[in-house]
>>> print(open('final.txt').read())   # compact mmCIF, C-alpha atoms and all ligand atoms
# COMPACT_ATOMS: atom_id res chain seq x y z
CA MET I 1 -25.55 8.81 17.35
CA VAL I 2 -23.66 7.19 14.53
CA ARG I 3 -21.93 9.62 12.19
CA ARG I 4 -22.79 9.13 8.54
CA MET I 5 -19.98 8.59 6.10
CA SER I 6 -20.93 11.13 3.47
CA VAL I 7 -17.47 11.79 2.04
CA LYS I 8 -15.75 9.11 0.01
CA PRO I 9 -12.70 7.58 1.69
CA THR I 10 -9.09 8.20 0.75
CA VAL I 11 -6.74 5.21 0.74
CA LEU I 12 -3.09 5.84 1.61
CA LYS I 13 -0.34 3.26 1.12
CA LEU I 14 2.99 3.57 2.87
CA GLY I 15 5.51 1.41 1.05
CA GLY I 16 7.64 -1.06 2.96
CA SER I 17 10.81 0.54 1.62
CA VAL I 18 9.69 3.82 3.17
CA ILE I 19 8.88 2.61 6.69
CA THR I 20 11.66 0.01 7.04
CA ASP I 21 15.38 -0.18 6.41
CA LYS I 22 15.40 -2.51 3.39
CA GLU I 23 19.04 -3.45 3.96
CA LYS I 24 18.63 -4.62 7.56
CA PRO I 25 16.22 -7.44 8.39
CA LEU I 26 13.41 -6.56 10.80
CA THR I 27 14.47 -2.94 11.14
CA PRO I 28 11.83 -0.22 11.17
CA ASN I 29 12.67 3.27 9.92
CA LEU I 30 11.33 4.93 13.03
CA LYS I 31 12.22 8.42 11.86
CA ALA I 32 10.15 7.98 8.71
CA ILE I 33 7.25 6.35 10.57
CA GLU I 34 7.20 9.19 13.10
CA ARG I 35 7.36 11.90 10.43
CA LEU I 36 4.61 10.29 8.36
CA ALA I 37 2.35 9.86 11.41
CA GLY I 38 2.79 13.59 12.00
CA GLU I 39 1.95 14.44 8.38
CA ILE I 40 -1.14 12.22 8.40
CA SER I 41 -2.28 13.73 11.69
CA ARG I 42 -1.82 17.31 10.47
CA ALA I 43 -3.63 16.66 7.17
CA LYS I 44 -6.79 15.54 9.06
CA VAL I 45 -8.27 13.64 6.11
CA SER I 46 -11.39 11.67 6.93
CA PRO I 47 -12.49 9.02 6.12
CA LEU I 48 -9.03 7.52 5.68
CA ILE I 49 -7.80 3.95 5.25
CA LEU I 50 -4.12 3.20 5.68
CA VAL I 51 -2.24 0.27 4.20
CA HIS I 52 1.46 -0.39 4.70
CA GLY I 53 3.96 -2.69 3.10
CA GLY I 54 6.39 -5.23 4.46
CA GLY I 55 9.89 -4.06 3.56
CA SER I 56 12.56 -5.84 5.57
CA PHE I 57 9.94 -7.42 7.86
CA GLY I 58 7.67 -9.42 5.54
CA HIS I 59 9.68 -10.03 2.40
CA PRO I 60 12.79 -11.92 3.58
CA ILE I 61 10.85 -14.48 5.64
CA ALA I 62 8.13 -14.87 3.01
CA GLU I 63 10.83 -15.54 0.41
CA ARG I 64 12.73 -18.00 2.60
CA TYR I 65 9.62 -20.18 2.94
CA ASP I 66 8.18 -19.38 -0.52
CA ILE I 67 4.86 -18.37 1.01
CA ALA I 68 3.82 -16.65 -2.23
CA GLY I 69 4.30 -19.94 -4.10
CA GLY I 70 1.63 -21.61 -1.97
CA TYR I 71 1.60 -24.72 0.17
CA ALA I 72 3.94 -27.45 -1.05
CA ASP I 73 5.56 -28.72 2.13
CA PRO I 74 4.61 -28.85 5.85
CA SER I 75 7.82 -26.98 6.74
CA GLN I 76 6.31 -23.84 5.24
CA ILE I 77 3.56 -23.68 7.86
CA LEU I 78 5.85 -22.23 10.50
CA GLY I 79 7.20 -19.81 7.86
CA PHE I 80 3.65 -18.54 7.32
CA SER I 81 3.35 -17.89 11.07
CA GLN I 82 6.72 -16.14 11.14
CA THR I 83 5.87 -13.96 8.14
CA HIS I 84 2.60 -12.90 9.75
CA LEU I 85 4.31 -12.30 13.09
CA ALA I 86 6.97 -10.10 11.46
CA MET I 87 4.23 -8.05 9.82
CA THR I 88 2.38 -7.59 13.11
CA LEU I 89 5.63 -6.39 14.70
CA LEU I 90 6.11 -3.76 11.98
CA ASN I 91 2.42 -2.89 12.25
CA SER I 92 2.85 -2.27 15.99
CA TRP I 93 5.49 0.40 15.33
CA VAL I 94 3.16 2.08 12.85
CA MET I 95 0.16 1.86 15.22
CA GLU I 96 2.09 3.31 18.12
CA ALA I 97 3.26 6.30 16.07
CA LEU I 98 -0.22 6.96 14.66
CA ILE I 99 -1.98 6.75 18.01
CA SER I 100 0.64 8.92 19.71
CA HIS I 101 -0.24 11.54 17.08
CA ASN I 102 -3.88 11.30 18.16
CA ILE I 103 -5.01 9.33 15.12
CA ALA I 104 -7.76 6.87 16.08
CA ALA I 105 -6.06 4.05 14.23
CA VAL I 106 -7.16 0.41 14.56
CA GLU I 107 -5.25 -2.41 12.89
CA VAL I 108 -7.13 -4.89 10.72
CA HIS I 109 -5.17 -8.09 10.11
CA PRO I 110 -5.66 -9.29 6.50
CA SER I 111 -4.84 -12.90 7.40
CA SER I 112 -7.92 -12.91 9.66
CA CYS I 113 -10.42 -11.34 7.28
CA ALA I 114 -9.32 -12.05 3.71
CA VAL I 115 -9.02 -15.23 1.63
CA THR I 116 -7.42 -15.15 -1.80
CA LYS I 117 -7.91 -17.40 -4.81
CA ALA I 118 -4.66 -17.90 -6.75
CA GLY I 119 -3.31 -14.80 -5.03
CA ARG I 120 -6.23 -12.47 -5.73
CA ILE I 121 -8.70 -11.44 -3.01
CA ALA I 122 -11.75 -13.68 -3.35
CA ASN I 123 -13.39 -13.00 -0.03
CA MET I 124 -12.96 -10.22 2.49
CA GLU I 125 -15.01 -9.25 5.51
CA LEU I 126 -15.65 -5.52 5.10
CA GLU I 127 -18.29 -4.91 7.77
CA PRO I 128 -15.87 -3.99 10.60
CA LEU I 129 -14.00 -1.65 8.24
CA LYS I 130 -17.19 0.12 7.16
CA LYS I 131 -18.29 0.55 10.77
CA MET I 132 -14.86 1.88 11.77
CA LEU I 133 -14.91 4.45 8.96
CA LYS I 134 -18.42 5.59 9.96
CA LEU I 135 -17.28 6.27 13.51
CA GLY I 136 -14.16 8.13 12.42
CA PHE I 137 -11.54 5.44 13.01
CA VAL I 138 -8.61 4.99 10.65
CA PRO I 139 -8.35 1.28 9.78
CA VAL I 140 -4.77 0.19 9.19
CA LEU I 141 -4.07 -2.89 7.03
CA TYR I 142 -0.82 -4.27 5.66
CA GLY I 143 0.56 -6.75 3.15
CA ASP I 144 0.22 -10.14 4.83
CA ALA I 145 0.41 -13.90 4.48
CA VAL I 146 -3.17 -15.08 3.89
CA LEU I 147 -5.05 -18.32 3.26
CA ASP I 148 -5.72 -19.12 -0.38
CA SER I 149 -8.50 -21.38 -1.68
CA GLU I 150 -6.33 -22.82 -4.47
CA LYS I 151 -2.73 -22.61 -3.23
CA GLY I 152 -3.26 -23.11 0.49
CA PHE I 153 -1.71 -19.76 1.23
CA ALA I 154 -0.36 -16.72 -0.57
CA ILE I 155 1.09 -13.27 -0.05
CA LEU I 156 -1.51 -10.55 -0.32
CA SER I 157 0.38 -7.37 -1.19
CA GLY I 158 -0.42 -4.02 0.29
CA ASP I 159 -0.87 -2.71 -3.25
CA GLN I 160 -3.60 -5.25 -4.00
CA LEU I 161 -5.30 -4.37 -0.71
CA VAL I 162 -5.23 -0.71 -1.68
CA SER I 163 -6.93 -1.16 -5.05
CA SER I 164 -9.37 -3.77 -3.80
CA LEU I 165 -10.45 -1.75 -0.74
CA ALA I 166 -10.62 1.48 -2.72
CA ILE I 167 -12.98 -0.17 -5.22
CA ALA I 168 -15.06 -2.04 -2.61
CA LEU I 169 -15.45 0.99 -0.33
CA GLY I 170 -16.03 3.53 -3.09
CA ALA I 171 -12.89 5.58 -2.44
CA SER I 172 -12.40 8.83 -4.30
CA ARG I 173 -8.62 8.80 -4.14
CA ILE I 174 -5.57 6.60 -3.69
CA ILE I 175 -2.22 7.96 -2.56
CA MET I 176 0.72 5.65 -3.09
CA GLY I 177 3.61 6.62 -0.83
CA ALA I 178 6.63 5.11 -2.59
CA ASP I 179 10.41 5.54 -2.37
CA VAL I 180 10.61 7.13 -5.81
CA ASP I 181 9.14 10.43 -7.00
CA GLY I 182 6.60 8.76 -9.30
CA LEU I 183 6.52 7.16 -12.74
CA TYR I 184 9.24 8.06 -15.22
CA THR I 185 9.50 8.02 -19.01
CA ALA I 186 12.41 5.55 -18.60
CA ASP I 187 14.33 3.95 -15.75
CA PRO I 188 15.85 6.99 -13.99
CA LYS I 189 18.70 4.91 -12.56
CA ALA I 190 19.83 3.70 -15.98
CA ASP I 191 18.82 6.56 -18.25
CA SER I 192 19.78 10.16 -17.44
CA SER I 193 17.19 11.49 -19.88
CA ALA I 194 14.37 9.88 -17.89
CA GLN I 195 11.73 12.38 -16.87
CA LEU I 196 9.13 12.29 -14.15
CA ILE I 197 5.62 12.06 -15.58
CA SER I 198 3.40 14.42 -13.62
CA HIS I 199 0.10 13.43 -15.23
CA LEU I 200 -1.09 10.28 -16.97
CA THR I 201 -4.40 9.05 -18.36
CA LEU I 202 -5.44 5.41 -18.09
CA GLU I 203 -4.57 4.84 -21.76
CA GLU I 204 -1.13 6.36 -21.29
CA LEU I 205 -0.59 4.24 -18.18
CA LYS I 206 -1.46 1.09 -20.14
CA SER I 207 1.04 1.88 -22.88
CA LEU I 208 3.75 2.78 -20.33
CA LYS I 209 3.09 -0.48 -18.47
CA HIS I 210 3.39 -2.34 -21.75
CA ARG I 211 6.72 -0.65 -22.49
CA ILE I 212 8.14 -1.45 -19.05
CA GLU I 213 6.98 -5.09 -19.31
CA GLY I 214 8.90 -5.43 -22.53
CA SER I 215 12.09 -3.90 -21.17
CA LYS I 216 14.81 -5.11 -18.85
CA ALA I 217 14.02 -2.27 -16.46
CA THR I 218 11.45 -4.37 -14.56
CA ASP I 219 13.71 -5.12 -11.61
CA VAL I 220 15.11 -1.66 -11.14
CA THR I 221 11.66 -0.12 -11.15
CA GLY I 222 11.38 -1.69 -7.70
CA GLY I 223 8.05 -3.43 -7.98
CA MET I 224 6.60 -0.51 -9.92
CA LEU I 225 5.07 -2.88 -12.45
CA GLY I 226 2.92 -4.66 -9.86
CA LYS I 227 1.97 -1.29 -8.45
CA MET I 228 0.93 -0.11 -11.92
CA HIS I 229 -1.27 -3.16 -12.38
CA GLU I 230 -3.14 -2.47 -9.15
CA VAL I 231 -3.37 1.24 -9.89
CA LYS I 232 -4.84 0.42 -13.32
CA LEU I 233 -7.66 -1.56 -11.70
CA ALA I 234 -8.51 1.35 -9.41
CA ILE I 235 -8.41 3.92 -12.20
CA GLU I 236 -10.69 1.80 -14.35
CA ASN I 237 -13.11 2.28 -11.46
CA ASP I 238 -12.64 6.05 -11.69
CA ILE I 239 -10.47 6.38 -8.59
CA GLU I 240 -7.81 9.05 -9.04
CA THR I 241 -4.38 7.83 -7.98
CA VAL I 242 -1.33 9.84 -6.99
CA ILE I 243 2.13 8.32 -6.60
CA VAL I 244 4.40 10.41 -4.36
CA ASN I 245 7.78 9.96 -2.73
CA ALA I 246 6.97 9.29 0.94
CA THR I 247 10.66 9.35 1.90
CA LYS I 248 10.62 13.11 1.25
CA PRO I 249 9.01 15.38 3.86
CA LEU I 250 5.58 16.86 3.17
CA ARG I 251 4.89 14.96 -0.07
CA VAL I 252 2.32 12.71 1.64
CA TYR I 253 0.92 15.69 3.56
CA LYS I 254 0.43 17.73 0.39
CA ALA I 255 -1.08 14.78 -1.47
CA LEU I 256 -3.53 14.18 1.39
CA LYS I 257 -4.52 17.85 1.38
CA GLY I 258 -4.96 17.78 -2.40
CA GLU I 259 -2.23 20.42 -2.80
CA LYS I 260 0.15 20.62 -5.73
CA VAL I 261 2.92 18.10 -5.12
CA THR I 262 5.79 16.47 -6.99
CA GLY I 263 4.56 13.05 -8.12
CA THR I 264 2.47 11.29 -10.76
CA ILE I 265 -1.29 11.78 -10.93
CA ILE I 266 -3.16 9.13 -12.90
CA GLU I 267 -6.78 9.67 -13.94
CA LYS I 268 -9.22 7.81 -16.13
CA GLY I 269 -9.06 10.69 -18.64
C1 LIG I 301 4.37 -7.45 1.49
O1 LIG I 301 3.59 -6.34 1.37
C2 LIG I 301 4.01 -8.22 2.72
C3 LIG I 301 4.72 -9.49 2.92
C4 LIG I 301 5.74 -9.91 2.22
C5 LIG I 301 4.22 -10.32 3.99
P1 LIG I 301 3.88 -5.30 0.19
O2 LIG I 301 4.18 -6.01 -1.08
O3 LIG I 301 2.77 -4.34 0.16
O4 LIG I 301 5.19 -4.60 0.75
P2 LIG I 301 6.18 -3.54 0.11
O5 LIG I 301 5.53 -2.20 0.18
O6 LIG I 301 6.46 -3.97 -1.31
O7 LIG I 301 7.40 -3.64 1.00
>>> encode(input="final.txt", output="structure tokens", more="lines below")
Ligand code: IPE
Amino acid sequence: MVRRMSVKPTVLKLGGSVITDKEKPLTPNLKAIERLAGEISRAKVSPLILVHGGGSFGHPIAERYDIAGGYADPSQILGFSQTHLAMTLLNSWVMEALISHNIAAVEVHPSSCAVTKAGRIANMELEPLKKMLKLGFVPVLYGDAVLDSEKGFAILSGDQLVSSLAIALGASRIIMGADVDGLYTADPKADSSAQLISHLTLEELKSLKHRIEGSKATDVTGGMLGKMHEVKLAIENDIETVIVNATKPLRVYKALKGEKVTGTIIEKG
């Protein structure tokens, strides 16, 4: 008998800076991966889709060969392969930890099932994912090098996968596990008066995004701007999003359980 998927899925992203050592190439943060696998296992949220980032696995190689810029030179082809390989290596560490915590995780390689157009997902095979969720599996995807109908190839970020899958699969919730506590009123590293924003509406998010875009803080926000863009798309589709610090114990657990947690909740409002 096939179980019916009556509850809407939750999508959880584990940022690359959380699960890898950003300073050392190709180095997983095994302590963090192990702890997070334990938290996910204990929370027992189902249906659940997991997406992880690249950190020190995907980014350095992708940058060296300018994979995100698209195909310009045959020498990049091997770089595409190396970027994808690095991501599968990181993914293996994540898979091993999840499965050893009795999570029925199955990896889904974006490069094999998604095609982008100018960097945005244009085509993605969702049937295996839907069937996995129905049977109680936890599909695990990751930011990857993918084929692109305009540029030859591109980098599909984990954040874009999160919003796109959440929308396509009718998710109720997104949890973004980042390496910061959430969104701040200003750059917390440069401004001591910066305060964590615990709750935001879509309108407030748009004006905050606008402010950050116009400031020099873009770099120090550590890719927060791109994250905010993806989050905005999900919230426009009425999917509540929580940003929590996944480097701190129990934040992801509490967010998964729907408990009160330090972080930023964004709702359509
Ligand atoms: C990047 O994925 C993947 C590659 C560079 C191949 P993400 O953009 O989701 O990774 P993080 O979370 O920022 O490290």
>>> residues_near_point(input="final.txt", point="(-2.6, 2.5, -7.7)", cutoff="9 Å", atoms="all atoms listed in the file", output="list of chain:residue names")
I:Asp159, I:Gln160, I:Val162, I:Ser163, I:Ile174, I:Ile175, I:Met176, I:Lys227, I:Met228, I:His229, I:Glu230, I:Val231, I:Lys232, I:Leu233, I:Ala234, I:Ile235, I:Ile239, I:Glu240, I:Thr241, I:Val242, I:Ile243, I:Ile266
>>> axis_aligned_box(input="final.txt", around="ligand LIG 301 (chain I)", padding_each_side="6 Å", output="lines of an AutoDock Vina configuration file")
center_x = 5.1
center_y = -6.3
center_z = 1.3
size_x = 16.6
size_y = 20.1
size_z = 17.3
>>> residues_near_ligand(input="final.txt", ligand="ligand LIG 301 (chain I)", cutoff="8 Å", atoms="only C-alpha atoms and all ligand atoms", output="PyMOL selection string")
chain I and resi 14-18+51-63+83-84+86-87+142-145+155-160+178+223
>>> atom_distance(input="final.txt", atom1="atom CA of His210 of chain I", atom2="atom CA of Thr264 of chain I")
17.5 Å
>>> residues_around(input="final.txt", residues="Leu90 of chain I", least_positions_apart="5", cutoff="9 Å", atoms="all atoms listed in the file", output="number ranges by chain")
I: 19-20, 26-28, 54, 57-58, 85, 95
>>> atom_distance(input="final.txt", atom1="atom CA of Asp148 of chain I", atom2="atom CA of Met224 of chain I")
24.3 Å
>>> closest_residue(input="final.txt", among="I:Leu78, I:Leu250, I:Leu126, I:Leu30", to="Leu98 of chain I", atoms="all atoms listed in the file")
I:Leu30
>>> closest_atom_pairs(input="final.txt", of="segment 7-67 of chain I", to="segment 130-134 of chain I", cutoff="9 Å", atoms="only C-alpha atoms", output="Markdown table")
| residue | atom | partner | partner_atom | distance |
| --- | --- | --- | --- | --- |
| I:Pro9 | CA | I:Leu133 | CA | 8.2 |
| I:Ser46 | CA | I:Leu133 | CA | 8.3 |
| I:Pro47 | CA | I:Leu133 | CA | 5.9 |
| I:Leu48 | CA | I:Leu133 | CA | 7.4 |
| I:Ile49 | CA | I:Leu133 | CA | 8.0 |
>>> write_last_selection(input="final.txt", atoms="C-alpha atoms", output="PDB file, in the frame of the given file")
ATOM      1  CA  PRO I   9     -12.700   7.580   1.690  1.00  0.00           C
ATOM      2  CA  SER I  46     -11.390  11.670   6.930  1.00  0.00           C
ATOM      3  CA  PRO I  47     -12.490   9.020   6.120  1.00  0.00           C
ATOM      4  CA  LEU I  48      -9.030   7.520   5.680  1.00  0.00           C
ATOM      5  CA  ILE I  49      -7.800   3.950   5.250  1.00  0.00           C
TER       6      ILE I  49
END
>>> atom_distance(input="final.txt", atom1="atom CA of Glu204 of chain I", atom2="atom CA of Gly258 of chain I")
22.4 Å
>>> closest_residue(input="final.txt", among="I:Glu96, I:Asp238, I:Asp66, I:Glu259", to="Glu34 of chain I", atoms="all atoms listed in the file")
I:Glu96
>>> closest_residue(input="final.txt", among="I:Leu147, I:Ala190, I:Ile67, I:Ile197", to="Pro110 of chain I", atoms="all atoms listed in the file")
I:Leu147
>>> closest_residue(input="final.txt", among="I:Thr10, I:Glu127, I:Arg120, I:Ser41", to="Ala104 of chain I", atoms="only C-alpha atoms")
I:Ser41
>>> closest_residue(input="final.txt", among="I:Ser81, I:Asn245, I:Thr116, I:Asn123", to="Glu150 of chain I", atoms="all atoms listed in the file")
I:Thr116
>>> closest_residue(input="final.txt", among="I:Gly152, I:Pro128, I:Gly136, I:Gly38", to="Gly69 of chain I", atoms="only C-alpha atoms")
I:Gly152
>>> residues_around(input="final.txt", residues="Asn237 of chain I", least_positions_apart="5", cutoff="12 Å", atoms="all atoms listed in the file", output="ChimeraX atom specification")
/I:163-174,202,230-232,267-269
>>> write_last_selection(input="final.txt", atoms="C-alpha atoms", output="tab-separated table (two decimals), keeping the file's coordinate frame")
chain	number	residue	atom	x	y	z
I	163	SER	CA	-6.93	-1.16	-5.05
I	164	SER	CA	-9.37	-3.77	-3.80
I	165	LEU	CA	-10.45	-1.75	-0.74
I	166	ALA	CA	-10.62	1.48	-2.72
I	167	ILE	CA	-12.98	-0.17	-5.22
I	168	ALA	CA	-15.06	-2.04	-2.61
I	169	LEU	CA	-15.45	0.99	-0.33
I	170	GLY	CA	-16.03	3.53	-3.09
I	171	ALA	CA	-12.89	5.58	-2.44
I	172	SER	CA	-12.40	8.83	-4.30
I	173	ARG	CA	-8.62	8.80	-4.14
I	174	ILE	CA	-5.57	6.60	-3.69
I	202	LEU	CA	-5.44	5.41	-18.09
I	230	GLU	CA	-3.14	-2.47	-9.15
I	231	VAL	CA	-3.37	1.24	-9.89
I	232	LYS	CA	-4.84	0.42	-13.32
I	267	GLU	CA	-6.78	9.67	-13.94
I	268	LYS	CA	-9.22	7.81	-16.13
I	269	GLY	CA	-9.06	10.69	-18.64
>>> build_atoms(input="final.txt", residues="segment 157-176 of chain I", atoms="N, CA, C and O atoms", output="PDB file, in the coordinates of the input")
ATOM      1  N   SER I 157      -0.436  -8.590  -1.280  1.00  0.00           N
ATOM      2  CA  SER I 157       0.380  -7.370  -1.190  1.00  0.00           C
ATOM      3  C   SER I 157      -0.457  -6.190  -0.717  1.00  0.00           C
ATOM      4  O   SER I 157      -1.682  -6.134  -0.915  1.00  0.00           O
ATOM      5  N   GLY I 158       0.239  -5.249  -0.120  1.00  0.00           N
ATOM      6  CA  GLY I 158      -0.420  -4.020   0.290  1.00  0.00           C
ATOM      7  C   GLY I 158      -1.033  -3.305  -0.910  1.00  0.00           C
ATOM      8  O   GLY I 158      -2.105  -2.713  -0.805  1.00  0.00           O
ATOM      9  N   ASP I 159      -0.360  -3.384  -2.054  1.00  0.00           N
ATOM     10  CA  ASP I 159      -0.870  -2.710  -3.250  1.00  0.00           C
ATOM     11  C   ASP I 159      -2.213  -3.301  -3.698  1.00  0.00           C
ATOM     12  O   ASP I 159      -3.121  -2.572  -4.089  1.00  0.00           O
ATOM     13  N   GLN I 160      -2.323  -4.642  -3.633  1.00  0.00           N
ATOM     14  CA  GLN I 160      -3.600  -5.250  -4.000  1.00  0.00           C
ATOM     15  C   GLN I 160      -4.701  -4.852  -3.006  1.00  0.00           C
ATOM     16  O   GLN I 160      -5.843  -4.571  -3.384  1.00  0.00           O
ATOM     17  N   LEU I 161      -4.323  -4.804  -1.729  1.00  0.00           N
ATOM     18  CA  LEU I 161      -5.300  -4.370  -0.710  1.00  0.00           C
ATOM     19  C   LEU I 161      -5.796  -2.963  -1.014  1.00  0.00           C
ATOM     20  O   LEU I 161      -6.992  -2.678  -0.907  1.00  0.00           O
ATOM     21  N   VAL I 162      -4.872  -2.101  -1.390  1.00  0.00           N
ATOM     22  CA  VAL I 162      -5.230  -0.710  -1.680  1.00  0.00           C
ATOM     23  C   VAL I 162      -6.276  -0.645  -2.789  1.00  0.00           C
ATOM     24  O   VAL I 162      -7.335  -0.040  -2.619  1.00  0.00           O
ATOM     25  N   SER I 163      -5.995  -1.283  -3.933  1.00  0.00           N
ATOM     26  CA  SER I 163      -6.930  -1.160  -5.050  1.00  0.00           C
ATOM     27  C   SER I 163      -8.250  -1.848  -4.727  1.00  0.00           C
ATOM     28  O   SER I 163      -9.331  -1.321  -4.990  1.00  0.00           O
ATOM     29  N   SER I 164      -8.156  -3.018  -4.094  1.00  0.00           N
ATOM     30  CA  SER I 164      -9.370  -3.770  -3.800  1.00  0.00           C
ATOM     31  C   SER I 164     -10.260  -3.034  -2.790  1.00  0.00           C
ATOM     32  O   SER I 164     -11.483  -2.938  -2.981  1.00  0.00           O
ATOM     33  N   LEU I 165      -9.656  -2.483  -1.745  1.00  0.00           N
ATOM     34  CA  LEU I 165     -10.450  -1.750  -0.740  1.00  0.00           C
ATOM     35  C   LEU I 165     -10.998  -0.461  -1.335  1.00  0.00           C
ATOM     36  O   LEU I 165     -12.138  -0.080  -1.057  1.00  0.00           O
ATOM     37  N   ALA I 166     -10.170   0.215  -2.127  1.00  0.00           N
ATOM     38  CA  ALA I 166     -10.620   1.480  -2.720  1.00  0.00           C
ATOM     39  C   ALA I 166     -11.854   1.227  -3.591  1.00  0.00           C
ATOM     40  O   ALA I 166     -12.834   1.983  -3.537  1.00  0.00           O
ATOM     41  N   ILE I 167     -11.843   0.136  -4.349  1.00  0.00           N
ATOM     42  CA  ILE I 167     -12.980  -0.170  -5.220  1.00  0.00           C
ATOM     43  C   ILE I 167     -14.190  -0.583  -4.365  1.00  0.00           C
ATOM     44  O   ILE I 167     -15.284  -0.060  -4.521  1.00  0.00           O
ATOM     45  N   ALA I 168     -13.952  -1.509  -3.412  1.00  0.00           N
ATOM     46  CA  ALA I 168     -15.060  -2.040  -2.610  1.00  0.00           C
ATOM     47  C   ALA I 168     -15.708  -0.971  -1.724  1.00  0.00           C
ATOM     48  O   ALA I 168     -16.908  -1.014  -1.461  1.00  0.00           O
ATOM     49  N   LEU I 169     -14.908  -0.016  -1.257  1.00  0.00           N
ATOM     50  CA  LEU I 169     -15.450   0.990  -0.330  1.00  0.00           C
ATOM     51  C   LEU I 169     -15.737   2.322  -1.011  1.00  0.00           C
ATOM     52  O   LEU I 169     -16.033   3.318  -0.358  1.00  0.00           O
ATOM     53  N   GLY I 170     -15.668   2.329  -2.332  1.00  0.00           N
ATOM     54  CA  GLY I 170     -16.030   3.530  -3.090  1.00  0.00           C
ATOM     55  C   GLY I 170     -15.126   4.716  -2.800  1.00  0.00           C
ATOM     56  O   GLY I 170     -15.601   5.849  -2.651  1.00  0.00           O
ATOM     57  N   ALA I 171     -13.825   4.483  -2.735  1.00  0.00           N
ATOM     58  CA  ALA I 171     -12.890   5.580  -2.440  1.00  0.00           C
ATOM     59  C   ALA I 171     -12.855   6.586  -3.587  1.00  0.00           C
ATOM     60  O   ALA I 171     -13.126   6.244  -4.741  1.00  0.00           O
ATOM     61  N   SER I 172     -12.524   7.816  -3.252  1.00  0.00           N
ATOM     62  CA  SER I 172     -12.400   8.830  -4.300  1.00  0.00           C
ATOM     63  C   SER I 172     -10.959   8.919  -4.771  1.00  0.00           C
ATOM     64  O   SER I 172     -10.684   9.299  -5.893  1.00  0.00           O
ATOM     65  N   ARG I 173     -10.022   8.534  -3.874  1.00  0.00           N
ATOM     66  CA  ARG I 173      -8.620   8.800  -4.140  1.00  0.00           C
ATOM     67  C   ARG I 173      -7.709   7.739  -3.545  1.00  0.00           C
ATOM     68  O   ARG I 173      -7.980   7.238  -2.450  1.00  0.00           O
ATOM     69  N   ILE I 174      -6.631   7.462  -4.236  1.00  0.00           N
ATOM     70  CA  ILE I 174      -5.570   6.600  -3.690  1.00  0.00           C
ATOM     71  C   ILE I 174      -4.284   7.421  -3.690  1.00  0.00           C
ATOM     72  O   ILE I 174      -3.971   8.086  -4.677  1.00  0.00           O
ATOM     73  N   ILE I 175      -3.549   7.345  -2.592  1.00  0.00           N
ATOM     74  CA  ILE I 175      -2.220   7.960  -2.560  1.00  0.00           C
ATOM     75  C   ILE I 175      -1.214   6.856  -2.287  1.00  0.00           C
ATOM     76  O   ILE I 175      -1.314   6.153  -1.280  1.00  0.00           O
ATOM     77  N   MET I 176      -0.309   6.667  -3.227  1.00  0.00           N
ATOM     78  CA  MET I 176       0.720   5.650  -3.090  1.00  0.00           C
ATOM     79  C   MET I 176       2.003   6.298  -2.603  1.00  0.00           C
ATOM     80  O   MET I 176       2.662   7.031  -3.369  1.00  0.00           O
TER      81      MET I 176
END
